[in-house]
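Report on one structure; see the data block that follows.
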Amino acid sequence: MVDNRYATALVIGSVLSLLATVYLSVAVGTQHWYQYNCPPVRHEGSNVSELREEFMNGEFDEKTYSDTMFRLNGTLGLWWRCILVPSPSQSHWFKEPDPKLEIQCVSFTLPQQFFPKYKHPGNHNGEEDLLRTYLWRSQFLLPLVSLALVFLSGLVGVCACLCRSFTPTLGVGVLHLLAGLCSLGTVCCFLAGVDLLHRYSPPPEGVEGSLGWSLYLALISFPLQMMAAALFLWAARSHRKNYTRMTAYRVA
């Protein structure tokens with residue numbers, strides 16, 4: 001028989017875990033981790049069209065797409081890079097005082113995620129920057145590991161319910177603890193990678209960068225997972241102590 005306190009802790013922990021999973025999933029699938037705001041500069045339509053074409057269909061190059069995002073209010077995510085450009089339906093947008101803009105995005109393919117980073121972005125014959133390379137790979141692998149750990153903990157929890165055993169709850173708590181650390185590591189790796197990129201390839205004067213809501217969702221998932229882990233670990237430990245005390249009392 002499970003005490004009401006332990007059952008309440010399990011329910012609250014499960015809700016927190018579900019919220020954290022939803023937040024992290026949304027963060028991974030959206031592009032608003034980091035965004036650039038450039039001053040309003042009037043570009044020629046042909047110039048913007050060339051930048052857009054190079055960004056959307058050109059060869060994958062970190063220097064090229066970074067410069068385009070600097071100039072066209074770009075946003076960067078774990079799997080997406082986007083720019084803000086005039087709507088294709090407006091052929092003479094540069095003559096209008098308030099042109100209609102739309103976001104156009106390109107996804108990072110899986111092979112591109114494993115491309116090496118260089119100390120001088122754009123120079124593929126230069127020295128590879130191992131720190132940036134592994135920070136980039138970690139920032140997209142860690143959230144997947146975090147989600148996998150939460151999914152595994154859910155399977156363990158279902159098995160515990162079917163077996164009517166409280167012991168696996170300890171494993172569920174440990175898995176959530178590791179998942180929370182992976183979520184925090186994702187945010188740290190992303191911020192460190194962006195900071196190093198700006199050191200080697202600084203944005204033009206007047207371009208401001210800011211954190212996006214996708215990053216904050218990933219950051220919020222960390223304390224949610226840690227609170228869920230704490231509840232699961234407390235419930236498992238307290239239930240075990242109570243069970244041991246009751247067993248000893250019956251034997252006596």
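Ordering of the structure tokens sets the chain letters (A, B, ...); residue numbers start at 1 within each chain; ligands are numbered from 1 in the order shown.
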
(request) Extract the full set of strand (DSSP E or B) residues from stretch 11-225 of chain A according to DSSP on the backbone, and format it as a list in words. (result)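 Written out, the strand (DSSP E or B) residues of stretch 11-225 of chain A are Tyr34, Gln35, Tyr36, Asn37, Thr75, Leu76, Trp80, Arg81, Cys82, Ile83, Leu84, Val85, Pro86, Leu101, Glu102, Ile103, Gln104, Cys105, Val106, Ser107, Tyr118, Glu128, Glu208, Gly209, Ser210 and Leu211 of chain A.
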
(message) Which of stretch 187-240 of chain A end up as helix (DSSP H, G or I) when DSSP is run on this backbone - answer as a PyMOL selection string?
(response) chain A and resi 187-200+213-240

Keeping only C-alpha atoms, write those residues as a tab-separated table (two decimals), in the first residue's frame.
```
chain	number	residue	atom	x	y	z
A	187	VAL	CA	21.99	25.71	-23.10
A	188	CYS	CA	25.55	26.15	-21.84
A	189	CYS	CA	27.07	24.62	-25.00
A	190	PHE	CA	24.90	26.79	-27.25
A	191	LEU	CA	25.74	30.02	-25.44
A	192	ALA	CA	29.44	29.19	-25.34
A	193	GLY	CA	29.42	28.34	-29.06
A	194	VAL	CA	27.68	31.60	-30.02
A	195	ASP	CA	30.09	33.60	-27.87
A	196	LEU	CA	33.13	31.98	-29.53
A	197	LEU	CA	31.63	32.55	-32.99
A	198	HIS	CA	31.24	36.26	-32.24
A	199	ARG	CA	34.87	36.43	-31.13
A	200	TYR	CA	36.13	35.04	-34.43
A	213	TRP	CA	12.24	32.30	-26.32
A	214	SER	CA	13.26	28.84	-27.53
A	215	LEU	CA	16.39	28.99	-25.42
A	216	TYR	CA	14.37	30.08	-22.39
A	217	LEU	CA	12.04	27.11	-22.86
A	218	ALA	CA	15.04	24.78	-22.80
A	219	LEU	CA	16.36	26.57	-19.74
A	220	ILE	CA	13.02	26.25	-17.94
A	221	SER	CA	12.97	22.51	-18.60
A	222	PHE	CA	16.11	22.11	-16.45
A	223	PRO	CA	14.62	23.08	-13.05
A	224	LEU	CA	11.40	21.22	-13.90
A	225	GLN	CA	13.36	18.02	-14.50
A	226	MET	CA	15.43	18.56	-11.36
A	227	MET	CA	12.30	19.09	-9.23
A	228	ALA	CA	10.75	15.96	-10.71
A	229	ALA	CA	13.96	14.04	-9.94
A	230	ALA	CA	13.95	15.33	-6.36
A	231	LEU	CA	10.35	14.23	-5.83
A	232	PHE	CA	10.96	10.76	-7.26
A	233	LEU	CA	14.14	10.28	-5.21
A	234	TRP	CA	12.46	11.54	-2.02
A	235	ALA	CA	9.45	9.27	-2.53
A	236	ALA	CA	11.64	6.21	-3.21
A	237	ARG	CA	13.96	6.87	-0.26
A	238	SER	CA	11.20	7.71	2.21
A	239	HIS	CA	9.08	4.75	1.15
A	240	ARG	CA	12.05	2.41	1.57
```

(request) Would you mind telling me which residue in A:Leu142, A:Met56, A:Cys38, A:Val156 lies nearest to A:Cys105 when using only C-alpha atoms? (result)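 Of all the options, A:Met56 lies closest to A:Cys105.
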
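With atom CA of A:Gly74 on one side and atom CA of A:Asn37 on the other, the separation reads 7.6 Å.
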
(message) Between atom CA of A:Leu110 and atom CA of A:Arg52, what distance in Å does the model show, to one decimal?
(response)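 Between these atoms lies a distance of 22.2 Å.
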
(request) Would you kindly return, as a count of residues only, each protein, DNA or RNA residue with an atom no farther than 9 Å from any atom of A:Asn73, considering only C-alpha atoms and excluding same-chain residues fewer than 4 positions away? (result) 12

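Atom to atom, atom CA of A:Gly185 and atom CA of A:Lys117 stand 19.3 Å apart.
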
(message) Given only C-alpha atoms as the basis, pick out the residue of A:Leu211, A:Pro111, A:Val145, A:Tyr118 nearest to A:His176.
(response)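 Distance minimum relative to A:His176 lands on A:Val145.
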
(message) Which residues are near A:Tyr134? Cut-off 9 Å, only C-alpha atoms, ignore same chain within fewer than 3 positions. Put them as a PyMOL selection string.
(response) chain A and resi 114+116-117+129-131+137-139+189
